[in-house]
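Chemist: Pasting final.txt below, which is compact mmCIF, C-alpha atoms and all ligand atoms.
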# COMPACT_ATOMS: atom_id res chain seq x y z
CA MET A 20 0.00 0.00 0.00
CA ARG A 21 1.24 3.45 -0.81
CA ARG A 22 1.72 5.96 1.92
CA ALA A 23 -1.10 8.50 2.11
CA GLN A 24 -0.04 11.80 0.67
CA THR A 25 -0.61 14.72 2.94
CA SER A 26 0.10 17.44 0.40
CA LYS A 27 -2.71 18.91 -1.65
CA LEU A 28 -3.13 16.68 -4.62
CA THR A 29 -5.55 17.43 -7.41
CA TRP A 30 -7.16 15.25 -10.02
CA SER A 31 -4.94 16.87 -12.60
CA ASP A 32 -2.14 14.92 -10.95
CA VAL A 33 -3.93 11.63 -11.48
CA THR A 34 -6.18 12.21 -14.48
CA PRO A 35 -4.99 13.64 -17.75
CA GLU A 36 -8.19 15.40 -18.77
CA ALA A 37 -8.88 17.52 -15.69
CA THR A 38 -10.43 20.86 -16.52
CA TYR A 39 -11.02 23.40 -13.82
CA LEU A 40 -14.68 24.26 -13.44
CA ASN A 41 -16.20 27.15 -11.59
CA ARG A 42 -16.58 25.81 -8.09
CA ARG A 43 -20.00 27.16 -7.24
CA ALA A 44 -21.37 25.97 -10.56
CA VAL A 45 -19.86 22.56 -9.95
CA LEU A 46 -21.39 22.38 -6.50
CA ALA A 47 -24.77 23.36 -7.78
CA GLY A 48 -24.53 20.52 -10.24
CA LEU A 49 -24.84 22.86 -13.17
CA THR A 50 -22.66 20.62 -15.28
CA GLY A 51 -25.59 18.26 -15.43
CA ILE A 52 -28.17 20.93 -16.12
CA GLY A 53 -26.53 22.37 -19.14
CA ALA A 54 -25.74 25.87 -17.89
CA LEU A 55 -22.11 25.13 -18.59
CA GLY A 56 -22.88 23.78 -22.01
CA ALA A 57 -19.40 24.42 -23.30
CA ILE A 58 -17.73 22.43 -20.56
CA GLY A 59 -20.45 19.95 -19.69
CA ALA A 60 -21.01 19.07 -23.33
CA GLY A 61 -22.89 15.86 -23.90
CA LEU A 62 -24.64 15.85 -20.54
CA PRO A 63 -28.42 15.73 -20.68
CA ALA A 64 -30.31 18.81 -19.56
CA HIS A 65 -31.74 18.25 -16.06
CA ALA A 66 -31.24 14.52 -16.12
CA ALA A 67 -33.73 12.83 -13.81
CA GLY A 68 -31.92 9.52 -13.88
CA PRO A 69 -33.53 6.10 -13.94
CA TYR A 70 -33.87 5.78 -10.17
CA SER A 71 -36.09 8.73 -9.28
CA THR A 72 -39.46 8.27 -7.61
CA ASP A 73 -42.45 10.03 -9.13
CA GLU A 74 -43.83 10.88 -5.68
CA ALA A 75 -44.25 14.58 -4.99
CA PRO A 76 -41.13 16.08 -3.41
CA ASN A 77 -41.32 17.84 -0.09
CA THR A 78 -40.99 21.61 -0.30
CA PHE A 79 -37.58 23.29 -0.09
CA GLU A 80 -38.80 24.87 3.15
CA GLU A 81 -39.64 21.47 4.68
CA ILE A 82 -36.37 19.88 3.60
CA THR A 83 -34.29 22.74 5.03
CA SER A 84 -36.11 23.45 8.29
CA TYR A 85 -36.65 19.97 9.80
CA ASN A 86 -33.21 18.37 10.07
CA ASN A 87 -30.97 16.09 12.05
CA PHE A 88 -27.43 17.43 12.22
CA TYR A 89 -26.20 16.92 15.77
CA GLU A 90 -23.09 18.99 15.12
CA PHE A 91 -25.45 21.95 15.46
CA GLY A 92 -27.66 20.63 18.26
CA ALA A 93 -30.13 17.84 18.96
CA ASN A 94 -33.35 19.67 17.97
CA LYS A 95 -34.85 19.50 14.50
CA THR A 96 -34.76 23.29 14.21
CA ASP A 97 -31.13 23.72 15.40
CA PRO A 98 -29.43 23.02 12.06
CA ALA A 99 -31.45 25.70 10.23
CA LYS A 100 -30.68 28.15 13.04
CA TYR A 101 -26.97 27.51 13.48
CA ALA A 102 -25.48 25.82 10.41
CA HIS A 103 -24.84 29.16 8.68
CA ALA A 104 -21.73 29.36 10.89
CA LEU A 105 -20.10 26.55 8.89
CA THR A 106 -17.41 27.57 6.38
CA THR A 107 -17.77 25.32 3.34
CA ASP A 108 -15.24 26.93 1.01
CA PRO A 109 -12.42 25.93 0.87
CA TRP A 110 -13.28 22.25 1.32
CA SER A 111 -11.26 19.16 0.68
CA ILE A 112 -11.76 15.44 1.16
CA GLU A 113 -8.99 13.10 2.23
CA ILE A 114 -9.35 9.76 0.47
CA THR A 115 -7.14 7.16 2.07
CA GLY A 116 -6.70 3.55 3.17
CA LEU A 117 -6.83 0.75 0.61
CA VAL A 118 -6.86 2.94 -2.51
CA GLU A 119 -4.40 3.25 -5.39
CA ARG A 120 -4.30 7.04 -5.38
CA PRO A 121 -4.67 8.32 -1.81
CA GLY A 122 -4.57 12.04 -1.24
CA THR A 123 -6.31 15.16 -0.09
CA TYR A 124 -8.46 16.37 -2.95
CA ASP A 125 -10.01 19.79 -3.31
CA LEU A 126 -13.79 19.52 -3.60
CA ALA A 127 -13.80 20.98 -7.11
CA ASP A 128 -11.46 18.19 -8.17
CA VAL A 129 -13.59 15.54 -6.47
CA VAL A 130 -16.68 16.73 -8.32
CA GLN A 131 -14.99 17.56 -11.62
CA GLY A 132 -16.00 15.21 -14.40
CA GLN A 133 -18.55 13.31 -12.32
CA ASP A 134 -21.98 12.80 -13.84
CA ILE A 135 -24.12 15.04 -11.66
CA GLN A 136 -27.79 14.16 -11.84
CA GLU A 137 -31.00 15.08 -10.15
CA ARG A 138 -32.31 12.08 -8.20
CA ILE A 139 -35.66 12.31 -6.47
CA TYR A 140 -35.34 9.85 -3.59
CA ARG A 141 -37.50 8.79 -0.71
CA PHE A 142 -35.67 9.50 2.55
CA ARG A 143 -36.70 7.54 5.65
CA CYS A 144 -35.43 8.62 9.05
CA VAL A 145 -35.08 6.00 11.79
CA GLU A 146 -37.45 8.19 13.82
CA ALA A 147 -40.28 7.06 11.51
CA TRP A 148 -40.72 10.23 9.51
CA SER A 149 -39.97 10.49 5.82
CA MET A 150 -39.55 12.98 3.01
CA VAL A 151 -39.09 12.98 -0.75
CA ILE A 152 -35.99 14.97 -1.70
CA PRO A 153 -34.76 16.08 -5.13
CA TRP A 154 -31.02 15.68 -4.64
CA LEU A 155 -28.24 16.74 -6.97
CA GLY A 156 -25.39 14.32 -6.85
CA PHE A 157 -23.15 11.81 -8.51
CA GLU A 158 -22.65 8.11 -7.87
CA LEU A 159 -20.07 7.37 -5.19
CA ALA A 160 -18.92 4.52 -7.44
CA GLY A 161 -17.60 7.11 -9.89
CA LEU A 162 -15.35 8.59 -7.23
CA LEU A 163 -14.17 5.25 -5.85
CA THR A 164 -13.36 3.97 -9.30
CA ARG A 165 -11.32 7.07 -9.98
CA VAL A 166 -9.15 6.73 -6.86
CA GLY A 167 -8.79 3.00 -7.50
CA VAL A 168 -10.04 0.53 -4.88
CA GLN A 169 -7.47 -2.09 -3.87
CA PRO A 170 -8.68 -5.73 -3.99
CA SER A 171 -8.35 -6.14 -0.22
CA ALA A 172 -10.83 -3.30 0.50
CA LYS A 173 -14.20 -4.51 1.81
CA TYR A 174 -15.72 -1.43 3.48
CA VAL A 175 -15.84 2.34 3.09
CA ALA A 176 -15.60 4.57 6.16
CA PHE A 177 -16.76 8.20 6.14
CA GLU A 178 -16.03 11.06 8.50
CA THR A 179 -17.65 14.47 9.02
CA LEU A 180 -15.72 17.68 9.67
CA HIS A 181 -14.72 18.27 13.30
CA ARG A 182 -14.71 22.02 13.90
CA PRO A 183 -16.33 22.92 17.23
CA GLU A 184 -15.69 26.66 16.69
CA GLU A 185 -18.26 26.55 13.90
CA MET A 186 -20.28 23.50 14.90
CA ARG A 187 -21.66 24.42 18.30
CA GLY A 188 -23.10 20.95 18.96
CA GLN A 189 -19.57 19.54 18.94
CA LYS A 190 -18.92 21.41 22.18
CA MET A 191 -21.46 19.05 23.76
CA PRO A 192 -21.11 15.29 24.22
CA LEU A 193 -24.23 14.55 22.16
CA LEU A 194 -22.21 11.97 20.22
CA LYS A 195 -18.55 11.06 20.07
CA TRP A 196 -17.08 13.48 17.54
CA PRO A 197 -16.43 13.42 14.67
CA TYR A 198 -19.56 11.74 13.28
CA VAL A 199 -18.55 8.59 11.42
CA GLU A 200 -20.40 6.18 9.16
CA GLY A 201 -19.65 3.21 6.97
CA LEU A 202 -20.87 1.04 4.13
CA ARG A 203 -19.90 -2.33 2.79
CA LEU A 204 -18.00 -1.87 -0.48
CA ASP A 205 -20.80 -3.34 -2.62
CA GLU A 206 -23.29 -0.95 -0.99
CA ALA A 207 -20.96 1.96 -1.65
CA MET A 208 -20.56 0.93 -5.29
CA HIS A 209 -24.31 0.55 -5.88
CA PRO A 210 -25.62 3.07 -8.42
CA LEU A 211 -28.30 4.30 -5.97
CA THR A 212 -25.59 5.51 -3.57
CA LEU A 213 -24.87 9.19 -4.12
CA MET A 214 -22.48 11.85 -3.05
CA ALA A 215 -24.90 14.78 -3.03
CA THR A 216 -23.80 18.36 -3.61
CA GLY A 217 -27.17 20.05 -3.68
CA LEU A 218 -30.94 19.83 -3.71
CA TYR A 219 -33.70 21.55 -5.66
CA GLY A 220 -31.07 22.58 -8.23
CA LYS A 221 -29.11 24.64 -5.71
CA ASP A 222 -25.90 24.19 -3.71
CA MET A 223 -26.40 21.97 -0.68
CA PRO A 224 -27.85 24.09 2.15
CA ASN A 225 -25.54 24.00 5.19
CA GLN A 226 -28.17 22.34 7.38
CA ASN A 227 -28.45 19.46 4.87
CA GLY A 228 -24.73 18.70 4.92
CA ALA A 229 -22.91 21.24 2.77
CA PRO A 230 -20.91 21.11 0.70
CA ILE A 231 -21.07 17.35 0.11
CA ARG A 232 -22.81 14.45 1.87
CA LEU A 233 -23.65 10.83 1.37
CA VAL A 234 -27.17 9.69 0.39
CA VAL A 235 -28.11 6.00 0.71
CA PRO A 236 -31.87 5.88 0.07
CA TRP A 237 -32.60 2.28 1.17
CA LYS A 238 -31.08 2.81 4.62
CA TYR A 239 -32.27 4.85 7.59
CA GLY A 240 -31.29 8.50 7.25
CA PHE A 241 -28.49 8.43 9.80
CA LYS A 242 -26.32 6.43 7.37
CA SER A 243 -26.37 9.46 5.05
CA ILE A 244 -23.47 11.28 6.69
CA LYS A 245 -23.19 15.03 6.13
CA SER A 246 -20.30 17.40 5.39
CA VAL A 247 -17.83 14.65 4.56
CA VAL A 248 -14.09 15.38 4.89
CA LYS A 249 -12.61 11.90 4.88
CA ILE A 250 -13.24 8.61 3.06
CA THR A 251 -11.21 5.53 4.02
CA LEU A 252 -11.25 2.16 2.27
CA THR A 253 -10.82 -0.57 4.87
CA ALA A 254 -10.66 -4.36 5.19
CA GLU A 255 -12.66 -4.39 8.45
CA GLU A 256 -16.16 -3.12 9.22
CA PRO A 257 -15.69 0.47 10.43
CA PRO A 258 -17.33 1.94 13.55
CA THR A 259 -20.45 4.06 13.07
CA SER A 260 -21.63 6.90 15.32
CA TRP A 261 -25.09 5.64 16.26
CA ASN A 262 -23.94 2.06 16.72
CA ARG A 263 -21.22 3.34 19.03
CA ALA A 264 -23.80 5.41 20.94
CA ASN A 265 -26.29 2.54 21.27
CA ALA A 266 -25.46 -0.78 19.64
CA ARG A 267 -28.75 -2.41 20.67
CA GLU A 268 -30.79 0.20 18.83
CA TYR A 269 -28.59 0.91 15.80
CA GLY A 270 -26.77 -1.70 13.77
CA PHE A 271 -24.19 -1.35 11.04
CA TYR A 272 -26.56 -2.18 8.19
CA SER A 273 -29.61 -0.10 9.14
CA ASN A 274 -31.57 -1.10 6.07
CA VAL A 275 -35.11 0.25 6.19
CA ASN A 276 -37.13 -2.74 7.35
CA PRO A 277 -40.80 -2.57 8.43
CA ASP A 278 -40.49 -6.06 9.97
CA VAL A 279 -37.69 -5.20 12.40
CA ASP A 280 -38.87 -2.71 14.99
CA HIS A 281 -36.61 -0.30 16.78
CA PRO A 282 -36.51 -1.49 20.42
CA ARG A 283 -38.54 1.59 21.43
CA TRP A 284 -40.95 2.02 18.51
CA SER A 285 -42.42 0.36 15.45
CA GLN A 286 -40.85 0.78 12.01
CA ALA A 287 -43.94 -0.56 10.22
CA SER A 288 -45.21 2.87 9.18
CA GLU A 289 -44.02 6.42 8.74
CA ARG A 290 -45.25 10.01 8.79
CA ARG A 291 -44.48 11.99 5.66
CA VAL A 292 -43.19 15.39 6.80
CA GLY A 293 -45.54 18.16 5.69
CA GLY A 294 -48.51 15.85 5.39
CA GLY A 295 -50.38 17.80 8.03
CA LEU A 296 -51.37 16.89 11.55
CA PHE A 297 -54.17 14.56 10.49
CA ALA A 298 -52.44 12.95 7.53
CA LYS A 299 -52.58 9.18 7.57
CA ARG A 300 -49.36 7.36 8.31
CA GLN A 301 -48.17 5.32 5.37
CA PRO A 302 -46.72 1.83 5.43
CA THR A 303 -42.93 1.63 5.35
CA LEU A 304 -41.58 -0.50 2.51
CA PRO A 305 -38.73 -3.01 2.76
CA PHE A 306 -35.50 -1.27 1.77
CA ASN A 307 -37.56 1.92 1.68
CA GLY A 308 -39.08 0.82 -1.62
CA TYR A 309 -35.73 0.11 -3.30
CA GLY A 310 -35.85 -3.66 -2.73
CA GLU A 311 -35.87 -4.52 -6.40
CA GLU A 312 -32.53 -2.77 -6.77
CA VAL A 313 -30.77 -3.73 -3.54
CA ALA A 314 -32.33 -6.82 -1.92
CA GLY A 315 -29.81 -8.98 -3.79
CA LEU A 316 -26.97 -7.40 -1.82
CA TYR A 317 -28.26 -9.15 1.30
CA GLU A 318 -29.25 -12.54 -0.07
CA GLY A 319 -28.87 -15.23 2.58
CA MET A 320 -28.35 -12.74 5.41
CA ASP A 321 -30.62 -12.74 8.45
CA LEU A 322 -31.77 -9.11 8.41
CA ALA A 323 -33.12 -9.35 11.96
CA LYS A 324 -29.61 -10.19 13.11
CA TYR A 325 -27.79 -7.81 10.74
CA TYR A 326 -30.08 -4.83 11.43
N1 LIG B 1 -24.54 13.53 9.52
C1 LIG B 1 -23.89 14.18 10.48
N2 LIG B 1 -22.60 14.52 10.28
N3 LIG B 1 -24.45 14.47 11.68
C2 LIG B 1 -25.75 14.11 11.95
O1 LIG B 1 -26.22 14.38 13.07
N4 LIG B 1 -27.79 13.02 11.14
C3 LIG B 1 -28.26 11.91 10.31
C4 LIG B 1 -27.90 12.11 8.84
N5 LIG B 1 -26.53 12.55 8.70
C5 LIG B 1 -26.49 13.44 10.94
C6 LIG B 1 -25.84 13.18 9.70
C7 LIG B 1 -29.69 11.70 10.45
S1 LIG B 1 -30.23 11.01 11.93
C8 LIG B 1 -30.57 11.97 9.45
S2 LIG B 1 -32.22 11.51 9.57
C9 LIG B 1 -30.14 12.70 8.24
O2 LIG B 1 -28.77 13.08 8.29
C10 LIG B 1 -30.98 13.94 8.06
O3 LIG B 1 -30.71 14.55 6.82
P1 LIG B 1 -31.52 15.85 6.43
O4 LIG B 1 -31.44 16.80 7.56
O5 LIG B 1 -30.85 16.38 5.18
O6 LIG B 1 -32.93 15.42 6.15
Once more with this new file: its structure as structure tokens, please.
Ligand code: MTE
Modeler:
Amino acid sequence: MRRAQTSKLTWSDVTPEATYLNRRAVLAGLTGIGALGAIGAGLPAHAAGPYSTDEAPNTFEEITSYNNFYEFGANKTDPAKYAHALTTDPWSIEITGLVERPGTYDLADVVQGQDIQERIYRFRCVEAWSMVIPWLGFELAGLLTRVGVQPSAKYVAFETLHRPEEMRGQKMPLLKWPYVEGLRLDEAMHPLTLMATGLYGKDMPNQNGAPIRLVVPWKYGFKSIKSVVKITLTAEEPPTSWNRANAREYGFYSNVNPDVDHPRWSQASERRVGGGLFAKRQPTLPFNGYGEEVAGLYEGMDLAKYY
């Protein structure tokens, strides 16, 4: 394995065709929308992608005012109140561990050349509420392929920024900081798994995990780690924040499963945020409705044991 490089490395060092794109445009996903026609030539205008749901998206207001982002506090309204304090530019991601080309990559270089699409995904929180969110993002597989995954890698570990001066929740022991998450390599490589840089055609709002976060739509929302600064390819299953906080309640897999209740509440149904006080709860679907795409990843596994 090569030693991780600590100096700033850009894709131009590892890919011949790197072209610098305007950072804000890149973050907004404009390469996929056609505003940068000259540079993003060949990309479809406002590509919906084959995986989007046709359910009505939640409003921008709902998606940005009811959040979980413990780095800014434990209440749903804390992120919208306090996440403006987060500096998201400059931003880099260290990609390390069992990869061919480890390094610290500037965000623009991470995003450059990736196929940014709009994906309208169902999003199911472990707390039994749900939303429909029009993300902008690219497949994590595209990034992992580019850095080169070594054959011995079996898992991908993710880490959020640790900056208590800007993230006031990190001054409190709400969780062990920094927030960490992980996926099995085949889950990480699945085309549904996104690195999201925005929503509703705009840059990612800070409270939703600016400037870049993971989105894994068939798993409970806490797997979708926000404001990612480090990605490590590993041979062993990595620790995850909620499992570390309470292993009985939160497993590594955390696939949405109406048949496996949380020890303190049912997961059989969910409340769609914004549905109104008297809206009927709706049944939760296995794998959050993405079973056709992902159930095969877990063939032969006891999902009550590997929850
Ligand atoms: N990522 C970080 N770094 N910190 C968090 O507290 N909360 C998780 C997940 N990612 C969280 C996080 C949880 S519990 C959920 S439900 C989703 O983010 C919420 O994403 P949203 O606010 O964009 O809907």
Chemist: Each residue of chain A with at least one atom at most 7 Å from ligand LIG 1 (chain B) should appear once, together with its nearest atom pair and the corresponding distance in Å (one decimal); atoms considered: all atoms listed in the file; ordering: chain, then increasing residue number; output as CSV.
Modeler:
residue,atom,partner,partner_atom,distance
A:Ile82,CA,B:LIG1,O6,6.2
A:Tyr85,CA,B:LIG1,O4,6.5
A:Asn86,CA,B:LIG1,O4,3.4
A:Asn87,CA,B:LIG1,N4,4.5
A:Phe88,CA,B:LIG1,O1,3.4
A:Tyr89,CA,B:LIG1,O1,3.7
A:Glu90,CA,B:LIG1,N3,5.8
A:Cys144,CA,B:LIG1,S2,4.4
A:Val145,CA,B:LIG1,S2,6.6
A:Thr179,CA,B:LIG1,N2,5.1
A:Tyr198,CA,B:LIG1,N2,5.1
A:Gln226,CA,B:LIG1,O4,6.4
A:Asn227,CA,B:LIG1,O5,3.9
A:Gly228,CA,B:LIG1,O5,6.6
A:Tyr239,CA,B:LIG1,S2,6.9
A:Gly240,CA,B:LIG1,S2,3.9
A:Phe241,CA,B:LIG1,C3,3.5
A:Lys242,CA,B:LIG1,C4,6.1
A:Ser243,CA,B:LIG1,N5,4.8
A:Ile244,CA,B:LIG1,N1,3.8
A:Lys245,CA,B:LIG1,N1,3.9
A:Ser246,CA,B:LIG1,N2,6.1
Chemist: Which stretch 96-158 of chain A residues have any atom within 10 Å of an atom of stretch 281-302 of chain A, and for each, what is the nearest pair of atoms with distance in Å to one decimal, counting all atoms listed in the file, rows sorted by chain and number, as a Markdown table?
Modeler:
| residue | atom | partner | partner_atom | distance |
| --- | --- | --- | --- | --- |
| A:Arg141 | CA | A:Arg291 | CA | 10.0 |
| A:Phe142 | CA | A:Arg291 | CA | 9.7 |
| A:Arg143 | CA | A:Glu289 | CA | 8.0 |
| A:Cys144 | CA | A:Glu289 | CA | 8.9 |
| A:Val145 | CA | A:Gln286 | CA | 7.8 |
| A:Glu146 | CA | A:Gln286 | CA | 8.4 |
| A:Ala147 | CA | A:Glu289 | CA | 4.7 |
| A:Trp148 | CA | A:Arg290 | CA | 4.6 |
| A:Ser149 | CA | A:Arg291 | CA | 4.8 |
| A:Met150 | CA | A:Arg291 | CA | 5.7 |
| A:Val151 | CA | A:Arg291 | CA | 8.4 |
Chemist: Restricting the calculation to all atoms listed in the file: of A:Ala314, A:Val248, A:Ala323, A:Val235, which residue gets closest to A:Pro210?
Modeler: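 Checking each candidate against A:Pro210, we get A:Val235 as the closest.
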Chemist: Counting only C-alpha atoms, what is within 10 Å of A:Gly188, bar same-chain residues fewer than 5 positions away, as a PyMOL selection string?
Modeler: chain A and resi 88-93+97-98+101+182-183+193-194+196
Chemist: What would the list of residues within 12 Å of (-29.0, -11.1, 9.2) (file frame) look like as a PyMOL selection string, if only C-alpha atoms are what count?
Modeler: chain A and resi 270-274+276+279+316-326
Chemist: Could you check how far atom CA of A:Glu137 sits from atom CA of A:Asn307, in Å to one decimal?
Modeler: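 A separation of 18.9 Å between them.
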Chemist: Do a neighbour search on A:Glu185 at 9 Å with all atoms listed in the file, toss out local chain neighbours closer than 5 positions, and write the hits as a VMD selection string.
Modeler: chain A and resid 91 101 to 106
Chemist: Expressed in Å to a single decimal, how great is the separation between atom CA of A:Ser84 and atom CA of A:Lys100?
Modeler: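 Going from atom CA of A:Ser84 over to atom CA of A:Lys100, I get 8.6 Å.
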Chemist: Taking 2 positions as the minimum chain separation for residues in the same chain, which residues sit within 9 Å of A:Pro230 when counting all atoms listed in the file? Answer as a PyMOL selection string.
Modeler: chain A and resi 46+107-108+110+126+215-217+222-225+227-228+232+245-247
Chemist: What is the atom CA of A:Val199-atom CA of A:Tyr174 distance in Å, reported with one decimal?
Modeler: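 Separation between atom CA of A:Val199 and atom CA of A:Tyr174: 13.1 Å.
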Chemist: Residues at most 10 Å from A:Tyr70, counting only C-alpha atoms, excluding those fewer than 2 positions away in the same chain, as a list in words?
Modeler: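 Here the qualifying residues turn out to be Ala67, Gly68, Thr72, Asp73, Glu137, Arg138, Ile139, Tyr140, Pro210, Leu211, Tyr309 and Glu312 of chain A.
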Chemist: What would the list of residues within 8 Å of (-16.2, 3.4, 11.2) (file frame) look like as an MDAnalysis selection string, if all atoms listed in the file are what count?
Modeler: chainID A and resid 176:177 199:201 256:260
Chemist: Would you kindly return, as number ranges by chain, each protein, DNA or RNA residue with an atom no farther than 8 Å from any atom of A:Gly167, considering all atoms listed in the file and excluding same-chain residues fewer than 3 positions away?
Modeler: A: 118-120, 163-164
Chemist: Given the choices A:Leu155, A:Ala160, A:Val168, A:Ala99, which gets closest to A:Ser71 if the distance is worked out from only C-alpha atoms?
Modeler: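 Of all the options, A:Leu155 lies closest to A:Ser71.
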Chemist: Using all atoms listed in the file, find the one residue out of A:Leu159, A:Met186, A:Met191, A:Val275 that sits nearest to A:Leu233.
Modeler: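 Ranking A:Leu159, A:Met186, A:Met191, A:Val275 by distance to A:Leu233, first place goes to A:Leu159.
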